[in-house]
>>> print(open('structure_39.cif').read())   # mmCIF, C-alpha atoms, pLDDT in the B column; chains and numbers go by the auth columns
data_start
loop_
_atom_site.group_PDB
_atom_site.id
_atom_site.type_symbol
_atom_site.label_atom_id
_atom_site.label_comp_id
_atom_site.label_asym_id
_atom_site.label_seq_id
_atom_site.Cartn_x
_atom_site.Cartn_y
_atom_site.Cartn_z
_atom_site.B_iso_or_equiv
_atom_site.auth_seq_id
_atom_site.auth_asym_id
ATOM 1 C CA MET A 1 -1.645 -124.322 -15.614 69.00 1 A
ATOM 2 C CA ALA A 2 -0.114 -121.241 -17.174 71.00 2 A
ATOM 3 C CA GLY A 3 3.421 -121.303 -18.398 73.00 3 A
ATOM 4 C CA PRO A 4 5.743 -122.854 -20.923 77.00 4 A
ATOM 5 C CA GLY A 5 5.986 -126.537 -21.716 79.00 5 A
ATOM 6 C CA SER A 6 3.666 -129.265 -22.826 86.00 6 A
ATOM 7 C CA THR A 7 3.259 -131.130 -19.539 89.00 7 A
ATOM 8 C CA TYR A 8 2.129 -130.211 -16.058 84.00 8 A
ATOM 9 C CA ALA A 9 5.649 -131.051 -14.841 89.00 9 A
ATOM 10 C CA ASP A 10 7.148 -128.509 -17.281 89.00 10 A
ATOM 11 C CA VAL A 11 4.761 -125.815 -16.070 85.00 11 A
ATOM 12 C CA ALA A 12 5.363 -126.622 -12.397 86.00 12 A
ATOM 13 C CA MET A 13 9.137 -126.483 -12.917 89.00 13 A
ATOM 14 C CA ALA A 14 8.921 -123.149 -14.763 87.00 14 A
ATOM 15 C CA ASN A 15 6.786 -121.677 -11.973 86.00 15 A
ATOM 16 C CA ALA A 16 9.210 -122.983 -9.318 89.00 16 A
ATOM 17 C CA LYS A 17 12.158 -121.388 -11.135 91.00 17 A
ATOM 18 C CA ASP A 18 10.245 -118.114 -11.378 89.00 18 A
ATOM 19 C CA MET A 19 9.520 -118.173 -7.654 90.00 19 A
ATOM 20 C CA GLU A 20 13.202 -118.732 -6.874 93.00 20 A
ATOM 21 C CA GLY A 21 14.203 -115.824 -9.130 92.00 21 A
ATOM 22 C CA VAL A 22 11.532 -113.454 -7.810 92.00 22 A
ATOM 23 C CA SER A 23 12.417 -114.331 -4.214 94.00 23 A
ATOM 24 C CA ARG A 24 16.117 -113.740 -4.875 95.00 24 A
ATOM 25 C CA VAL A 25 15.525 -110.321 -6.484 93.00 25 A
ATOM 26 C CA LEU A 26 13.200 -109.274 -3.652 92.00 26 A
ATOM 27 C CA GLY A 27 15.712 -110.416 -1.032 92.00 27 A
ATOM 28 C CA VAL A 28 13.303 -112.954 0.460 92.00 28 A
ATOM 29 C CA LYS A 29 15.091 -115.095 3.038 92.00 29 A
ATOM 30 C CA GLN A 30 12.686 -118.030 3.020 92.00 30 A
ATOM 31 C CA THR A 31 9.674 -119.170 1.020 93.00 31 A
ATOM 32 C CA PHE A 32 6.985 -121.718 1.804 93.00 32 A
ATOM 33 C CA ASP A 33 5.457 -123.777 -0.990 90.00 33 A
ATOM 34 C CA LEU A 34 2.117 -125.075 0.278 92.00 34 A
ATOM 35 C CA ASN A 35 1.965 -127.684 -2.524 87.00 35 A
ATOM 36 C CA TYR A 36 -1.594 -127.206 -3.752 89.00 36 A
ATOM 37 C CA ASN A 37 -2.446 -128.172 -7.310 85.00 37 A
ATOM 38 C CA ASN A 38 -2.921 -125.294 -9.727 82.00 38 A
ATOM 39 C CA HIS A 39 -6.555 -124.523 -10.601 86.00 39 A
ATOM 40 C CA MET A 40 -7.766 -127.080 -8.051 90.00 40 A
ATOM 41 C CA MET A 41 -7.932 -125.058 -4.848 92.00 41 A
ATOM 42 C CA ASP A 42 -11.724 -125.104 -4.809 93.00 42 A
ATOM 43 C CA ASN A 43 -11.368 -128.810 -3.918 94.00 43 A
ATOM 44 C CA ILE A 44 -9.361 -128.261 -0.750 94.00 44 A
ATOM 45 C CA ALA A 45 -10.686 -127.714 2.747 96.00 45 A
ATOM 46 C CA ARG A 46 -10.736 -123.948 3.233 96.00 46 A
ATOM 47 C CA ALA A 47 -10.403 -124.378 7.001 97.00 47 A
ATOM 48 C CA GLU A 48 -7.085 -126.169 6.424 97.00 48 A
ATOM 49 C CA LEU A 49 -5.746 -123.418 4.158 97.00 49 A
ATOM 50 C CA ARG A 50 -6.943 -120.702 6.532 98.00 50 A
ATOM 51 C CA GLN A 51 -5.235 -122.463 9.465 98.00 51 A
ATOM 52 C CA ARG A 52 -1.979 -122.725 7.494 98.00 52 A
ATOM 53 C CA PHE A 53 -2.113 -118.983 6.801 98.00 53 A
ATOM 54 C CA ILE A 54 -2.863 -118.223 10.461 98.00 54 A
ATOM 55 C CA PHE A 55 0.164 -120.290 11.459 98.00 55 A
ATOM 56 C CA LEU A 56 2.402 -118.488 8.949 98.00 56 A
ATOM 57 C CA PHE A 57 1.116 -115.026 9.902 98.00 57 A
ATOM 58 C CA ARG A 58 1.850 -115.757 13.563 98.00 58 A
ATOM 59 C CA LEU A 59 5.204 -117.401 12.860 98.00 59 A
ATOM 60 C CA LEU A 60 6.428 -114.653 10.543 97.00 60 A
ATOM 61 C CA LYS A 61 4.674 -111.811 12.383 97.00 61 A
ATOM 62 C CA ALA A 62 3.334 -110.667 9.021 97.00 62 A
ATOM 63 C CA ASP A 63 2.263 -107.036 8.978 95.00 63 A
ATOM 64 C CA ILE A 64 1.194 -106.794 5.312 95.00 64 A
ATOM 65 C CA VAL A 65 -0.577 -109.128 2.911 96.00 65 A
ATOM 66 C CA VAL A 66 -1.156 -108.635 -0.799 93.00 66 A
ATOM 67 C CA THR A 67 -3.765 -110.853 -2.395 94.00 67 A
ATOM 68 C CA TYR A 68 -6.634 -110.900 -4.831 92.00 68 A
ATOM 69 C CA ASP A 69 -9.726 -109.039 -3.674 91.00 69 A
ATOM 70 C CA PRO A 70 -11.820 -111.534 -1.667 92.00 70 A
ATOM 71 C CA TRP A 71 -14.917 -109.648 -2.818 89.00 71 A
ATOM 72 C CA GLY A 72 -13.743 -109.177 -6.403 83.00 72 A
ATOM 73 C CA GLU A 73 -16.457 -109.557 -8.989 81.00 73 A
ATOM 74 C CA TYR A 74 -16.140 -111.892 -11.951 83.00 74 A
ATOM 75 C CA GLU A 75 -13.041 -113.712 -10.714 86.00 75 A
ATOM 76 C CA GLU A 76 -13.105 -117.068 -12.469 89.00 76 A
ATOM 77 C CA ASN A 77 -9.915 -118.651 -11.169 90.00 77 A
ATOM 78 C CA PRO A 78 -10.661 -120.842 -8.123 92.00 78 A
ATOM 79 C CA ASP A 79 -7.106 -120.400 -6.852 93.00 79 A
ATOM 80 C CA HIS A 80 -7.631 -116.645 -6.662 92.00 80 A
ATOM 81 C CA TYR A 81 -11.013 -116.550 -4.935 94.00 81 A
ATOM 82 C CA VAL A 82 -10.273 -119.405 -2.511 96.00 82 A
ATOM 83 C CA THR A 83 -6.844 -118.097 -1.518 96.00 83 A
ATOM 84 C CA SER A 84 -7.990 -114.512 -1.070 96.00 84 A
ATOM 85 C CA ALA A 85 -10.960 -115.507 1.105 97.00 85 A
ATOM 86 C CA CYS A 86 -8.708 -117.644 3.310 98.00 86 A
ATOM 87 C CA VAL A 87 -6.039 -114.914 3.556 98.00 87 A
ATOM 88 C CA GLU A 88 -8.677 -112.339 4.571 97.00 88 A
ATOM 89 C CA ALA A 89 -10.086 -114.571 7.323 97.00 89 A
ATOM 90 C CA ALA A 90 -6.645 -115.686 8.519 98.00 90 A
ATOM 91 C CA ALA A 91 -5.322 -112.112 8.722 97.00 91 A
ATOM 92 C CA TRP A 92 -8.099 -111.326 11.182 96.00 92 A
ATOM 93 C CA MET A 93 -8.114 -114.629 13.082 98.00 93 A
ATOM 94 C CA ALA A 94 -4.323 -114.690 13.599 98.00 94 A
ATOM 95 C CA GLY A 95 -4.737 -111.905 16.163 98.00 95 A
ATOM 96 C CA GLY A 96 -7.102 -113.873 18.378 97.00 96 A
ATOM 97 C CA ARG A 97 -6.113 -115.690 21.546 96.00 97 A
ATOM 98 C CA LYS A 98 -8.581 -118.577 21.282 96.00 98 A
ATOM 99 C CA ASP A 99 -8.091 -120.033 17.790 95.00 99 A
ATOM 100 C CA TYR A 100 -5.553 -122.856 17.521 97.00 100 A
ATOM 101 C CA PRO A 101 -4.173 -123.013 21.076 97.00 101 A
ATOM 102 C CA GLU A 102 -1.557 -125.517 19.877 97.00 102 A
ATOM 103 C CA HIS A 103 0.158 -122.572 18.171 98.00 103 A
ATOM 104 C CA PHE A 104 0.605 -120.921 21.568 98.00 104 A
ATOM 105 C CA ALA A 105 1.842 -124.153 23.115 97.00 105 A
ATOM 106 C CA ALA A 106 4.521 -124.154 20.396 97.00 106 A
ATOM 107 C CA GLY A 107 5.585 -120.635 21.414 98.00 107 A
ATOM 108 C CA LEU A 108 3.702 -118.518 18.875 98.00 108 A
ATOM 109 C CA GLU A 109 1.790 -115.390 19.870 98.00 109 A
ATOM 110 C CA PRO A 110 -1.378 -113.869 18.422 98.00 110 A
ATOM 111 C CA HIS A 111 -0.472 -111.493 15.610 98.00 111 A
ATOM 112 C CA SER A 112 -2.925 -109.528 13.471 95.00 112 A
ATOM 113 C CA VAL A 113 -1.984 -108.489 9.968 97.00 113 A
ATOM 114 C CA LYS A 114 -2.195 -104.698 10.022 95.00 114 A
ATOM 115 C CA GLU A 115 -2.264 -103.813 6.316 95.00 115 A
ATOM 116 C CA LYS A 116 -4.092 -105.618 3.540 95.00 116 A
ATOM 117 C CA TYR A 117 -3.787 -104.762 -0.139 90.00 117 A
ATOM 118 C CA TYR A 118 -6.264 -106.302 -2.546 90.00 118 A
ATOM 119 C CA PHE A 119 -6.299 -106.275 -6.314 86.00 119 A
ATOM 120 C CA ALA A 120 -8.644 -107.653 -8.935 83.00 120 A
ATOM 121 C CA ARG A 121 -8.216 -108.829 -12.466 78.00 121 A
ATOM 122 C CA PHE A 122 -11.489 -107.332 -13.675 73.00 122 A
ATOM 123 C CA GLN A 123 -13.831 -104.561 -12.533 69.00 123 A
ATOM 124 C CA GLN A 124 -11.377 -103.225 -9.966 68.00 124 A
ATOM 125 C CA ARG A 125 -12.593 -100.358 -7.869 71.00 125 A
ATOM 126 C CA VAL A 126 -9.477 -98.343 -7.131 71.00 126 A
ATOM 127 C CA ASN A 127 -9.637 -96.795 -3.707 73.00 127 A
ATOM 128 C CA ARG A 128 -5.955 -96.204 -3.093 77.00 128 A
ATOM 129 C CA VAL A 129 -2.993 -95.325 -5.238 81.00 129 A
ATOM 130 C CA VAL A 130 0.476 -96.055 -3.890 83.00 130 A
ATOM 131 C CA ASP A 131 3.501 -94.315 -5.403 91.00 131 A
ATOM 132 C CA ILE A 132 6.097 -97.002 -6.094 89.00 132 A
ATOM 133 C CA GLY A 133 8.493 -94.621 -7.846 93.00 133 A
ATOM 134 C CA PRO A 134 11.437 -95.410 -5.566 94.00 134 A
ATOM 135 C CA TRP A 135 10.955 -99.149 -6.182 90.00 135 A
ATOM 136 C CA VAL A 136 9.990 -99.258 -9.859 89.00 136 A
ATOM 137 C CA GLU A 137 13.415 -100.598 -10.906 89.00 137 A
ATOM 138 C CA ARG A 138 13.081 -103.467 -8.453 90.00 138 A
ATOM 139 C CA LYS A 139 9.563 -104.166 -9.763 86.00 139 A
ATOM 140 C CA VAL A 140 10.917 -104.325 -13.307 84.00 140 A
ATOM 141 C CA ASP A 141 13.695 -106.674 -12.130 88.00 141 A
ATOM 142 C CA VAL A 142 11.107 -108.892 -10.420 87.00 142 A
ATOM 143 C CA ASN A 143 8.965 -108.967 -13.554 82.00 143 A
ATOM 144 C CA LEU A 144 12.017 -110.052 -15.555 82.00 144 A
ATOM 145 C CA GLU A 145 12.191 -113.138 -13.318 86.00 145 A
ATOM 146 C CA ASN A 146 8.486 -113.939 -13.670 82.00 146 A
ATOM 147 C CA ARG A 147 8.658 -115.556 -17.113 79.00 147 A
ATOM 148 C CA ALA A 148 6.146 -118.406 -16.827 80.00 148 A
ATOM 149 C CA GLN A 149 3.103 -116.301 -15.951 74.00 149 A
ATOM 150 C CA GLY A 150 2.782 -113.835 -18.719 63.00 150 A
ATOM 151 C CA PRO A 151 5.488 -113.833 -19.998 57.00 151 A
ATOM 152 C CA ALA A 152 6.281 -110.965 -17.657 65.00 152 A
ATOM 153 C CA GLY A 153 10.017 -111.382 -18.301 58.00 153 A
ATOM 154 C CA GLU A 154 9.578 -110.339 -21.920 66.00 154 A
ATOM 155 C CA ASN A 155 7.127 -107.586 -20.957 68.00 155 A
ATOM 156 C CA GLY A 156 9.585 -106.308 -18.347 65.00 156 A
ATOM 157 C CA GLN A 157 12.366 -106.205 -20.938 70.00 157 A
ATOM 158 C CA ARG A 158 10.150 -104.216 -23.318 78.00 158 A
ATOM 159 C CA LEU A 159 9.158 -101.837 -20.497 78.00 159 A
ATOM 160 C CA ARG A 160 12.780 -101.246 -19.507 77.00 160 A
ATOM 161 C CA ALA A 161 13.778 -100.577 -23.142 85.00 161 A
ATOM 162 C CA ARG A 162 10.869 -98.131 -23.597 90.00 162 A
ATOM 163 C CA LEU A 163 11.697 -96.288 -20.369 88.00 163 A
ATOM 164 C CA ASP A 164 15.384 -96.153 -21.300 89.00 164 A
ATOM 165 C CA ALA A 165 14.474 -94.721 -24.732 95.00 165 A
ATOM 166 C CA GLN A 166 12.409 -92.047 -22.990 94.00 166 A
ATOM 167 C CA GLY A 167 15.260 -91.211 -20.639 92.00 167 A
ATOM 168 C CA ARG A 168 13.254 -92.377 -17.641 86.00 168 A
#
>>> encode(input="structure_39.cif", output="structure tokens")
Amino acid sequence: MAGPGSTYADVAMANAKDMEGVSRVLGVKQTFDLNYNNHMMDNIARAELRQRFIFLFRLLKADIVVTYDPWGEYEENPDHYVTSACVEAAAWMAGGRKDYPEHFAAGLEPHSVKEKYYFARFQQRVNRVVDIGPWVERKVDVNLENRAQGPAGENGQRLRARLDAQGR
């Protein structure tokens, strides 16, 4: 529901273009759009979403997830709190040998997600700082592609200009 345009279709198209651009800059080989309606994820069956994440974690052998903090306080957006809770549960369950035996029949193996990084929009309790110095240019490039949600593209351009002016 965030982004340019006057219709839902405009917003959805802008977000899809952003995802293509971000994926390209990050070097992502394949993306999966799960096709859930924006701001409506509190209406979906959480068991279904969790199962889809378990499948993807096993298929992709995901070692790291980055998501909103499933225990974050004051998160109002249902997409954020539903998704993060399902990611947290799926990351753990994907390593089990008894959940969803049809995955194993299809050739998948149990696979636990080893690292989880959570962030919050408000009231974040920082318990880890990660130096991204070697990747800051790529982060700026990614933000330039993420125009519909911020507009991060314009913010990224201003950041790059400010850093260039400072010789950084």
>>> resolve_selection(input="structure_39.cif", expression="the PyMOL selection byres ((chain A and resi 115) around 7)", output="short mmCIF file (atom, residue, chain, number, x, y, z; two decimals) with C-alpha atoms, in the coordinates of the input")
data_model
loop_
_atom_site.label_atom_id
_atom_site.label_comp_id
_atom_site.auth_asym_id
_atom_site.auth_seq_id
_atom_site.Cartn_x
_atom_site.Cartn_y
_atom_site.Cartn_z
CA ASP A 63 2.26 -107.04 8.98
CA ILE A 64 1.19 -106.79 5.31
CA VAL A 65 -0.58 -109.13 2.91
CA VAL A 113 -1.98 -108.49 9.97
CA LYS A 114 -2.19 -104.70 10.02
CA LYS A 116 -4.09 -105.62 3.54
CA TYR A 117 -3.79 -104.76 -0.14
#
>>> atom_distance(input="structure_39.cif", atom1="atom CA of Leu49 of chain A", atom2="atom CA of Val142 of chain A")
26.6 Å
>>> residues_around(input="structure_39.cif", residues="segment 12-28 of chain A", least_positions_apart="6", cutoff="12 Å", atoms="all atoms listed in the file", output="PyMOL selection string")
chain A and resi 1-6+35-38+135+137-153
>>> closest_residue(input="structure_39.cif", among="A:His39, A:His103, A:Arg58, A:Arg52", to="Pro78 of chain A", atoms="only C-alpha atoms")
A:His39
>>> residues_around(input="structure_39.cif", residues="Tyr81 of chain A", least_positions_apart="2", cutoff="12 Å", atoms="all atoms listed in the file", output="list in words")
His39, Met40, Met41, Asp42, Arg46, Thr67, Tyr68, Asp69, Pro70, Trp71, Gly72, Glu73, Tyr74, Glu75, Glu76, Asn77, Pro78, Asp79, Thr83, Ser84, Ala85, Cys86, Val87, Glu88, Tyr118, Phe119, Ala120 and Arg121 of chain A
>>> closest_residue(input="structure_39.cif", among="A:Trp92, A:Tyr8, A:Phe32, A:Tyr100", to="Glu48 of chain A", atoms="only C-alpha atoms")
A:Tyr100
>>> atom_distance(input="structure_39.cif", atom1="atom CA of Ala91 of chain A", atom2="atom CA of Phe53 of chain A")
7.8 Å
>>> closest_residue(input="structure_39.cif", among="A:Val136, A:Ala106, A:Ala161, A:Val82", to="Ala45 of chain A", atoms="only C-alpha atoms")
A:Val82
>>> atom_distance(input="structure_39.cif", atom1="atom CA of Arg97 of chain A", atom2="atom CA of Ser112 of chain A")
10.6 Å
>>> closest_residue(input="structure_39.cif", among="A:Leu60, A:Asn43, A:Phe55, A:Asp164", to="Gln30 of chain A", atoms="all atoms listed in the file")
A:Leu60
>>> build_atoms(input="structure_39.cif", residues="segment 32-46 of chain A", atoms="N, CA, C and O atoms", output="mmCIF file, keeping the file's coordinate frame")
data_model
loop_
_atom_site.group_PDB
_atom_site.id
_atom_site.type_symbol
_atom_site.label_atom_id
_atom_site.label_comp_id
_atom_site.auth_asym_id
_atom_site.auth_seq_id
_atom_site.Cartn_x
_atom_site.Cartn_y
_atom_site.Cartn_z
ATOM 1 N N PHE A 32 7.733 -120.523 1.426
ATOM 2 C CA PHE A 32 6.985 -121.718 1.804
ATOM 3 C C PHE A 32 6.094 -122.102 0.627
ATOM 4 O O PHE A 32 5.240 -121.311 0.223
ATOM 5 N N ASP A 33 6.309 -123.267 0.080
ATOM 6 C CA ASP A 33 5.457 -123.777 -0.990
ATOM 7 C C ASP A 33 4.424 -124.683 -0.324
ATOM 8 O O ASP A 33 4.763 -125.699 0.273
ATOM 9 N N LEU A 34 3.164 -124.318 -0.414
ATOM 10 C CA LEU A 34 2.117 -125.075 0.278
ATOM 11 C C LEU A 34 1.660 -126.293 -0.506
ATOM 12 O O LEU A 34 0.848 -127.080 -0.027
ATOM 13 N N ASN A 35 2.169 -126.463 -1.734
ATOM 14 C CA ASN A 35 1.965 -127.684 -2.524
ATOM 15 C C ASN A 35 0.518 -127.973 -2.903
ATOM 16 O O ASN A 35 0.092 -129.128 -2.886
ATOM 17 N N TYR A 36 -0.246 -126.974 -3.253
ATOM 18 C CA TYR A 36 -1.594 -127.206 -3.752
ATOM 19 C C TYR A 36 -1.567 -127.228 -5.272
ATOM 20 O O TYR A 36 -0.796 -126.496 -5.895
ATOM 21 N N ASN A 37 -2.401 -128.069 -5.858
ATOM 22 C CA ASN A 37 -2.446 -128.172 -7.310
ATOM 23 C C ASN A 37 -3.082 -126.938 -7.939
ATOM 24 O O ASN A 37 -4.122 -126.456 -7.471
ATOM 25 N N ASN A 38 -2.460 -126.470 -9.006
ATOM 26 C CA ASN A 38 -2.921 -125.294 -9.727
ATOM 27 C C ASN A 38 -4.316 -125.523 -10.299
ATOM 28 O O ASN A 38 -4.594 -126.574 -10.861
ATOM 29 N N HIS A 39 -5.166 -124.540 -10.126
ATOM 30 C CA HIS A 39 -6.555 -124.523 -10.601
ATOM 31 C C HIS A 39 -7.451 -125.523 -9.870
ATOM 32 O O HIS A 39 -8.572 -125.777 -10.301
ATOM 33 N N MET A 40 -6.991 -126.074 -8.775
ATOM 34 C CA MET A 40 -7.766 -127.080 -8.051
ATOM 35 C C MET A 40 -8.043 -126.684 -6.601
ATOM 36 O O MET A 40 -8.470 -127.498 -5.802
ATOM 37 N N MET A 41 -7.817 -125.436 -6.249
ATOM 38 C CA MET A 41 -7.932 -125.058 -4.848
ATOM 39 C C MET A 41 -9.366 -124.990 -4.355
ATOM 40 O O MET A 41 -9.600 -124.933 -3.152
ATOM 41 N N ASP A 42 -10.336 -125.041 -5.265
ATOM 42 C CA ASP A 42 -11.724 -125.104 -4.809
ATOM 43 C C ASP A 42 -12.078 -126.493 -4.302
ATOM 44 O O ASP A 42 -13.147 -126.694 -3.735
ATOM 45 N N ASN A 43 -11.156 -127.450 -4.435
ATOM 46 C CA ASN A 43 -11.368 -128.810 -3.918
ATOM 47 C C ASN A 43 -10.781 -129.023 -2.535
ATOM 48 O O ASN A 43 -10.993 -130.069 -1.940
ATOM 49 N N ILE A 44 -10.015 -128.060 -2.038
ATOM 50 C CA ILE A 44 -9.361 -128.261 -0.750
ATOM 51 C C ILE A 44 -10.253 -127.749 0.382
ATOM 52 O O ILE A 44 -11.164 -126.956 0.159
ATOM 53 N N ALA A 45 -9.954 -128.192 1.575
ATOM 54 C CA ALA A 45 -10.686 -127.714 2.747
ATOM 55 C C ALA A 45 -10.210 -126.304 3.067
ATOM 56 O O ALA A 45 -9.040 -126.085 3.391
ATOM 57 N N ARG A 46 -11.114 -125.342 2.979
ATOM 58 C CA ARG A 46 -10.736 -123.948 3.233
ATOM 59 C C ARG A 46 -10.275 -123.747 4.674
ATOM 60 O O ARG A 46 -9.398 -122.933 4.932
#
